[in-house]
Number of protein chains: 2
Amino acid sequence: MQKHITNNEILQMEQSQRAALINSVGGFKSVCLLGTIDERGLTNLAVFSSIVHIGASPPLIAFIVRPDAVDRNTLTNILETGYYTINHLNETIFEKGHQTSARYAKEVSEFDAVGLTIDYKDGFLAPYVKESKIQLGLQFKERIDITINGTILIIGQIQHLYFPSYCLCDDGFLDLEKANTITCSGLDSYHKTQRIERLSYAKPNKQIEHVKLKYIE
Amino acid sequence: MQKHITNNEILQMEQSQRAALINSVGGFKSVCLLGTIDERGLTNLAVFSSIVHIGASPPLIAFIVRPDAVDRNTLTNILETGYYTINHLNETIFEKGHQTSARYAKEVSEFDAVGLTIDYKDGFLAPYVKESKIQLGLQFKERIDITINGTILIIGQIQHLYFPSYCLCDDGFLDLEKANTITCSGLDSYHKTQRIERLSYAKPNKQIEHVKLKYIE
């Protein structure tokens, strides 16, 4: 049976039910840990599932932040220092990653509180997560205020990119499954993946083909 | 071995390699078909993997569109009529969905070209995809131009939401796996998922628990 829910019914739902439903209906999401540091040297780590690709040249990634949210230290630190890291969540650390969403006091570093390891490298200001296999170092580029509901889009440019060399294919594709990267749905559901197929570039009147992954290593 | 790539190395990569790499590093993505219609009644269908949750109250979803892209009919139609649909891709239709990314002539409806069925219902202007199990009808709300690279963020409000009733849990969570919704990575890799766990709401000094899914039906 197909269920139909209208805008008015959504607006009348109990708040936590609505949050669970509407966070589910957009589909599976990227789920990453954002690492930041403030001017005094205090680190912060927070899980985000609102990451979106903006462009490859220059390499830009964005995420949505709620100004009233638990994760507001992330926003404050990015605006203060101009740098942050994005670290893929994997099956080994997803519970610790989820725990970063608890409302810790400002003076507490979530790295310590949840038991993840700070990784500083190549002179980059913001802390990476050592247990994460795919790590991005970003420079803050632009803040866009979404006035319709008070959220903020933060756009950053990739300055450093780290990944296991065995994940890289000869055409530039990165095999996220080999890095144990996971995905999430809703507010709290974590999923591993299994590739169905890679597909060839689509053209009119041409049959789509399956693309074999050719690893460099 | 961990591989390290810098911003300068990314900018110097061959264009298709860079696109494949940078589209991969953001993690797994939602992958959906956007259905639109123009003022003359010609339908359009295009696959998008840049969907992001903006907020639950009001229920808002956004996606990124490139103005120079194959999918520019989607943008034109949304601005012209104010309505569009988001339809989850599933394992049965992912190849047809991918084929919508081919550069068909403006007069060709991708529904016909790839063999997916138009579904009109409840007086909504834009066409749904009948083969999709989770369907959203959206009203255009806001266009935000991202000047840094010329892309556009389109924000819409959910007016109608359809899903199989057996997917709904008692706390509002929707089980996307039961609807066969899939995820994608990079430009062309499609993946099914397998739930690891749902996790309880995180609080400081409280052990995270696994949450059992309780279906309404």
# chains A, B, ... in the order shown; residues from 1 in each chain; ligands from 1
>>> residues_around(residues="Ile155 (chain A)", least_positions_apart="2", cutoff="9 Å", atoms="only C-alpha atoms", output="PyMOL selection string")
chain A and resi 54+60-63+139-144+153+157
>>> residues_around(residues="Val25 (chain B)", least_positions_apart="3", cutoff="8 Å", atoms="only C-alpha atoms", output="ChimeraX atom specification")
/A:134,174 /B:21-22,186
>>> write_last_selection(atoms="N, CA and C atoms", output="JSON list (two decimals), in the first residue's frame")
[["chain", "number", "residue", "atom", "x", "y", "z"],
["A", 134, "ILE", "N", 39.71, 8.29, 4.62],
["A", 134, "ILE", "CA", 39.66, 9.34, 3.59],
["A", 134, "ILE", "C", 39.48, 10.67, 4.32],
["A", 174, "LEU", "N", 37.43, 6.99, -7.13],
["A", 174, "LEU", "CA", 37.92, 6.49, -5.85],
["A", 174, "LEU", "C", 36.92, 5.47, -5.31],
["B", 21, "LEU", "N", 37.49, 12.07, -9.53],
["B", 21, "LEU", "CA", 38.05, 12.06, -8.18],
["B", 21, "LEU", "C", 37.25, 12.95, -7.22],
["B", 22, "ILE", "N", 37.02, 14.20, -7.63],
["B", 22, "ILE", "CA", 36.37, 15.15, -6.71],
["B", 22, "ILE", "C", 34.91, 14.78, -6.49],
["B", 186, "GLY", "N", 30.78, 8.95, -6.72],
["B", 186, "GLY", "CA", 31.39, 9.46, -7.94],
["B", 186, "GLY", "C", 30.32, 9.88, -8.93]]
>>> closest_residue(among="A:Glu91, A:Asp38, A:Glu131, A:Glu107", to="chain B", atoms="only C-alpha atoms")
A:Glu91
>>> closest_residue(among="A:Gly82, A:Gly35, A:Pro59, A:Gly115", to="chain B", atoms="only C-alpha atoms")
A:Pro59
>>> select_by_dssp(residues="chain A", states="helix (DSSP H, G or I)", output="MDAnalysis selection string")
chainID A and resid 7:12 15:25 72:81 94:99 110:114 165:167 176:179
>>> write_last_selection(atoms="C-alpha atoms", output="short mmCIF file (atom, residue, chain, number, x, y, z; two decimals), in the first residue's frame")
data_model
loop_
_atom_site.label_atom_id
_atom_site.label_comp_id
_atom_site.auth_asym_id
_atom_site.auth_seq_id
_atom_site.Cartn_x
_atom_site.Cartn_y
_atom_site.Cartn_z
CA ASN A 7 2.49 19.36 3.34
CA ASN A 8 -0.21 20.20 5.91
CA GLU A 9 0.02 16.77 7.50
CA ILE A 10 3.80 17.12 7.71
CA LEU A 11 3.47 20.51 9.41
CA GLN A 12 1.04 19.04 11.96
CA GLN A 15 8.29 17.51 16.02
CA SER A 16 10.58 14.47 16.50
CA GLN A 17 8.45 12.32 14.17
CA ARG A 18 8.61 15.02 11.50
CA ALA A 19 12.38 15.37 11.91
CA ALA A 20 12.85 11.59 11.53
CA LEU A 21 10.60 11.41 8.46
CA ILE A 22 11.88 14.46 6.58
CA ASN A 23 15.51 13.58 7.30
CA SER A 24 14.76 10.16 5.72
CA VAL A 25 13.03 11.17 2.51
CA ARG A 72 27.69 25.48 16.31
CA ASN A 73 31.30 25.26 17.52
CA THR A 74 32.12 23.88 14.09
CA LEU A 75 30.75 27.00 12.43
CA THR A 76 32.36 29.39 14.93
CA ASN A 77 35.76 27.72 14.55
CA ILE A 78 35.62 27.71 10.73
CA LEU A 79 34.76 31.41 10.64
CA GLU A 80 37.46 32.14 13.24
CA THR A 81 40.35 30.23 11.64
CA PHE A 94 30.62 5.03 13.35
CA GLU A 95 29.47 4.75 16.99
CA LYS A 96 32.17 7.14 18.17
CA GLY A 97 31.28 9.43 15.30
CA HIS A 98 27.60 9.41 16.25
CA GLN A 99 28.54 10.19 19.87
CA GLU A 110 34.94 15.58 21.23
CA PHE A 111 38.16 13.84 20.14
CA ASP A 112 38.85 13.07 23.84
CA ALA A 113 35.22 12.55 24.83
CA VAL A 114 34.49 9.87 22.21
CA SER A 165 46.37 4.37 -2.60
CA TYR A 166 44.68 0.98 -3.23
CA CYS A 167 41.31 2.79 -3.57
CA LEU A 176 34.91 4.28 -1.25
CA GLU A 177 33.94 0.71 -0.34
CA LYS A 178 37.62 -0.29 -0.19
CA ALA A 179 38.08 2.48 2.39
#
>>> closest_residue(among="A:Ala56, A:Val108, A:Leu34, A:Ala46", to="chain B", atoms="only C-alpha atoms")
A:Ala56
>>> residues_around(residues="Ile37 (chain B)", least_positions_apart="2", cutoff="6 Å", atoms="only C-alpha atoms", output="short mmCIF file (atom, residue, chain, number, x, y, z; two decimals) with N, CA and C atoms, in the first residue's frame")
data_model
loop_
_atom_site.label_atom_id
_atom_site.label_comp_id
_atom_site.auth_asym_id
_atom_site.auth_seq_id
_atom_site.Cartn_x
_atom_site.Cartn_y
_atom_site.Cartn_z
N GLY B 41 3.75 21.49 -21.98
CA GLY B 41 3.34 20.14 -21.61
C GLY B 41 4.38 19.07 -21.91
N LEU B 42 5.59 19.50 -22.29
CA LEU B 42 6.66 18.53 -22.56
C LEU B 42 7.37 18.18 -21.26
N THR B 43 7.47 16.87 -20.98
CA THR B 43 8.07 16.43 -19.72
C THR B 43 9.58 16.24 -19.86
N ASN B 44 10.25 16.30 -18.72
CA ASN B 44 11.69 16.10 -18.66
C ASN B 44 12.02 15.27 -17.42
N ASN B 77 12.44 24.42 -16.47
CA ASN B 77 11.06 24.01 -16.20
C ASN B 77 10.62 24.37 -14.78
N ALA B 126 3.61 18.48 -11.87
CA ALA B 126 4.83 17.80 -12.38
C ALA B 126 4.67 16.28 -12.35
#
>>> residues_around(residues="Gly27 (chain B)", least_positions_apart="6", cutoff="9 Å", atoms="only C-alpha atoms", output="PyMOL selection string")
(chain A and resi 29-32+51-52+88+176+181-183) or (chain B and resi 184-186)
>>> write_last_selection(atoms="C-alpha atoms", output="PDB file, in the first residue's frame")
ATOM      1  CA  LYS A  29      23.617  10.688   2.625  1.00  0.00           C
ATOM      2  CA  SER A  30      27.321  11.228   3.012  1.00  0.00           C
ATOM      3  CA  VAL A  31      28.261  11.065   6.687  1.00  0.00           C
ATOM      4  CA  CYS A  32      31.526  12.632   7.825  1.00  0.00           C
ATOM      5  CA  ILE A  51      27.629  17.399   2.642  1.00  0.00           C
ATOM      6  CA  VAL A  52      27.161  18.204  -1.034  1.00  0.00           C
ATOM      7  CA  HIS A  88      34.842   9.879   6.185  1.00  0.00           C
ATOM      8  CA  LEU A 176      34.911   4.281  -1.248  1.00  0.00           C
ATOM      9  CA  THR A 181      33.300   4.448   4.024  1.00  0.00           C
ATOM     10  CA  ILE A 182      29.675   4.127   5.103  1.00  0.00           C
ATOM     11  CA  THR A 183      26.484   6.058   4.376  1.00  0.00           C
TER      12      THR A 183
ATOM     13  CA  CYS B 184      25.732   6.406  -5.604  1.00  0.00           C
ATOM     14  CA  SER B 185      29.364   7.472  -5.469  1.00  0.00           C
ATOM     15  CA  GLY B 186      31.390   9.461  -7.939  1.00  0.00           C
TER      16      GLY B 186
END
>>> residues_around(residues="Tyr120 (chain A)", least_positions_apart="4", cutoff="12 Å", atoms="only C-alpha atoms", output="list in words")
Gly35, Thr36, Ile37, Thr43, Tyr84, Thr85, Phe124, Leu125, Ala126, Pro127, Tyr128, Val129, Lys130, Gln135 and Gly137 of chain A
>>> write_last_selection(atoms="N, CA and C atoms", output="PDB file, in the first residue's frame")
ATOM      1  N   GLY A  35      36.371  18.296  11.563  1.00  0.00           N
ATOM      2  CA  GLY A  35      37.351  18.630  12.596  1.00  0.00           C
ATOM      3  C   GLY A  35      37.732  20.097  12.502  1.00  0.00           C
ATOM      4  N   THR A  36      37.701  20.792  13.660  1.00  0.00           N
ATOM      5  CA  THR A  36      38.077  22.206  13.689  1.00  0.00           C
ATOM      6  C   THR A  36      38.892  22.491  14.952  1.00  0.00           C
ATOM      7  N   ILE A  37      39.444  23.705  15.006  1.00  0.00           N
ATOM      8  CA  ILE A  37      40.202  24.153  16.171  1.00  0.00           C
ATOM      9  C   ILE A  37      39.886  25.633  16.357  1.00  0.00           C
ATOM     10  N   THR A  43      40.179  21.831  20.226  1.00  0.00           N
ATOM     11  CA  THR A  43      39.661  21.143  19.042  1.00  0.00           C
ATOM     12  C   THR A  43      38.191  20.777  19.204  1.00  0.00           C
ATOM     13  N   TYR A  84      39.220  23.725   8.089  1.00  0.00           N
ATOM     14  CA  TYR A  84      38.547  22.585   8.718  1.00  0.00           C
ATOM     15  C   TYR A  84      38.858  21.312   7.954  1.00  0.00           C
ATOM     16  N   THR A  85      38.548  20.189   8.555  1.00  0.00           N
ATOM     17  CA  THR A  85      38.773  18.906   7.882  1.00  0.00           C
ATOM     18  C   THR A  85      37.438  18.161   7.746  1.00  0.00           C
ATOM     19  N   PHE A 124      48.920  21.754   8.226  1.00  0.00           N
ATOM     20  CA  PHE A 124      47.533  22.217   8.156  1.00  0.00           C
ATOM     21  C   PHE A 124      47.011  22.514   9.561  1.00  0.00           C
ATOM     22  N   LEU A 125      46.278  23.616   9.694  1.00  0.00           N
ATOM     23  CA  LEU A 125      45.856  24.081  11.019  1.00  0.00           C
ATOM     24  C   LEU A 125      44.844  23.160  11.697  1.00  0.00           C
ATOM     25  N   ALA A 126      43.887  22.654  10.937  1.00  0.00           N
ATOM     26  CA  ALA A 126      42.775  21.905  11.550  1.00  0.00           C
ATOM     27  C   ALA A 126      43.142  20.431  11.724  1.00  0.00           C
ATOM     28  N   PRO A 127      42.534  19.794  12.750  1.00  0.00           N
ATOM     29  CA  PRO A 127      42.854  18.395  13.052  1.00  0.00           C
ATOM     30  C   PRO A 127      42.078  17.399  12.189  1.00  0.00           C
ATOM     31  N   TYR A 128      42.785  16.405  11.659  1.00  0.00           N
ATOM     32  CA  TYR A 128      42.142  15.274  10.986  1.00  0.00           C
ATOM     33  C   TYR A 128      41.829  14.193  12.022  1.00  0.00           C
ATOM     34  N   VAL A 129      41.000  13.226  11.609  1.00  0.00           N
ATOM     35  CA  VAL A 129      40.708  12.050  12.442  1.00  0.00           C
ATOM     36  C   VAL A 129      41.582  10.902  11.942  1.00  0.00           C
ATOM     37  N   LYS A 130      42.508  10.452  12.787  1.00  0.00           N
ATOM     38  CA  LYS A 130      43.482   9.436  12.378  1.00  0.00           C
ATOM     39  C   LYS A 130      42.793   8.147  11.926  1.00  0.00           C
ATOM     40  N   GLN A 135      40.474  11.548   4.147  1.00  0.00           N
ATOM     41  CA  GLN A 135      40.532  12.807   4.903  1.00  0.00           C
ATOM     42  C   GLN A 135      40.734  13.968   3.938  1.00  0.00           C
ATOM     43  N   GLY A 137      41.371  18.245   3.771  1.00  0.00           N
ATOM     44  CA  GLY A 137      41.677  19.498   4.449  1.00  0.00           C
ATOM     45  C   GLY A 137      41.113  20.639   3.620  1.00  0.00           C
TER      46      GLY A 137
END
>>> atom_distance(atom1="CA of Thr151 (chain B)", atom2="CA of Asn205 (chain A)")
28.7 Å
>>> atom_distance(atom1="CA of Leu33 (chain B)", atom2="CA of Gly150 (chain B)")
22.4 Å
>>> atom_distance(atom1="CA of Gly55 (chain A)", atom2="CA of Phe163 (chain A)")
19.4 Å
>>> closest_residue(among="B:Ile216, B:Pro58, B:Tyr83, B:Val211", to="Leu199 (chain B)", atoms="only C-alpha atoms")
B:Val211
>>> select_by_dssp(residues="region 3-182 of chain B", states="strand (DSSP E)", output="ChimeraX atom specification")
/B:3-6,29-30,32-37,43-48,51-56,59-65,83-88,118-119,128-129,135-146,151-164
>>> write_last_selection(atoms="C-alpha atoms", output="CSV table (one decimal), in the first residue's frame")
chain,number,residue,atom,x,y,z
B,3,LYS,CA,48.2,8.9,-0.9
B,4,HIS,CA,48.4,12.7,-0.5
B,5,ILE,CA,47.1,15.1,-3.2
B,6,THR,CA,47.3,18.9,-2.9
B,29,LYS,CA,25.2,10.5,-2.2
B,30,SER,CA,21.5,10.5,-2.6
B,32,CYS,CA,17.1,10.6,-7.5
B,33,LEU,CA,15.2,11.4,-10.7
B,34,LEU,CA,13.9,14.9,-11.0
B,35,GLY,CA,10.6,15.1,-13.0
B,36,THR,CA,9.4,18.4,-14.6
B,37,ILE,CA,7.1,19.7,-17.3
B,43,THR,CA,8.1,16.4,-19.7
B,44,ASN,CA,11.7,16.1,-18.7
B,45,LEU,CA,13.5,13.6,-16.4
B,46,ALA,CA,17.1,13.9,-15.1
B,47,VAL,CA,19.2,12.1,-12.6
B,48,PHE,CA,20.7,14.2,-9.8
B,51,ILE,CA,20.3,16.5,-3.1
B,52,VAL,CA,20.7,17.9,0.4
B,53,HIS,CA,18.3,18.2,3.5
B,54,ILE,CA,17.7,21.8,4.5
B,55,GLY,CA,15.1,21.5,7.2
B,56,ALA,CA,12.1,19.6,8.5
B,59,PRO,CA,10.0,20.5,5.0
B,60,LEU,CA,12.7,21.7,2.7
B,61,ILE,CA,15.0,19.9,0.3
B,62,ALA,CA,17.6,21.5,-2.0
B,63,PHE,CA,19.8,20.4,-4.9
B,64,ILE,CA,22.7,21.9,-6.9
B,65,VAL,CA,22.4,22.4,-10.6
B,83,TYR,CA,6.8,22.6,-9.4
B,84,TYR,CA,8.9,19.4,-9.7
B,85,THR,CA,9.2,15.9,-8.4
B,86,ILE,CA,12.0,13.9,-6.7
B,87,ASN,CA,11.8,10.2,-7.2
B,88,HIS,CA,14.2,7.7,-5.5
B,118,ILE,CA,4.9,9.1,-16.2
B,119,ASP,CA,2.7,9.1,-13.1
B,128,TYR,CA,6.3,11.4,-10.9
B,129,VAL,CA,8.1,8.3,-11.9
B,135,GLN,CA,8.2,10.0,-4.6
B,136,LEU,CA,8.1,13.7,-3.5
B,137,GLY,CA,6.2,16.5,-5.0
B,138,LEU,CA,7.9,19.9,-4.5
B,139,GLN,CA,7.0,23.5,-4.8
B,140,PHE,CA,9.9,25.8,-5.8
B,141,LYS,CA,10.8,28.2,-3.0
B,142,GLU,CA,14.2,29.9,-3.6
B,143,ARG,CA,17.1,30.1,-6.0
B,144,ILE,CA,20.5,30.9,-4.7
B,145,ASP,CA,23.3,31.7,-7.1
B,146,ILE,CA,26.7,30.4,-6.0
B,151,THR,CA,26.3,26.7,-9.8
B,152,ILE,CA,22.8,27.3,-8.4
B,153,LEU,CA,21.1,25.9,-5.3
B,154,ILE,CA,17.4,25.3,-5.8
B,155,ILE,CA,15.3,25.0,-2.6
B,156,GLY,CA,11.8,23.4,-2.6
B,157,GLN,CA,9.1,22.6,-0.1
B,158,ILE,CA,7.6,19.2,0.1
B,159,GLN,CA,3.9,19.4,-0.9
B,160,HIS,CA,3.3,15.6,-1.3
B,161,LEU,CA,5.1,12.6,-0.1
B,162,TYR,CA,4.5,9.0,-1.2
B,163,PHE,CA,6.1,5.8,0.1
B,164,PRO,CA,5.2,2.2,0.7
>>> closest_residue(among="A:Leu187, A:Met13, A:Ala102, A:Cys169", to="chain B", atoms="only C-alpha atoms")
A:Ala102
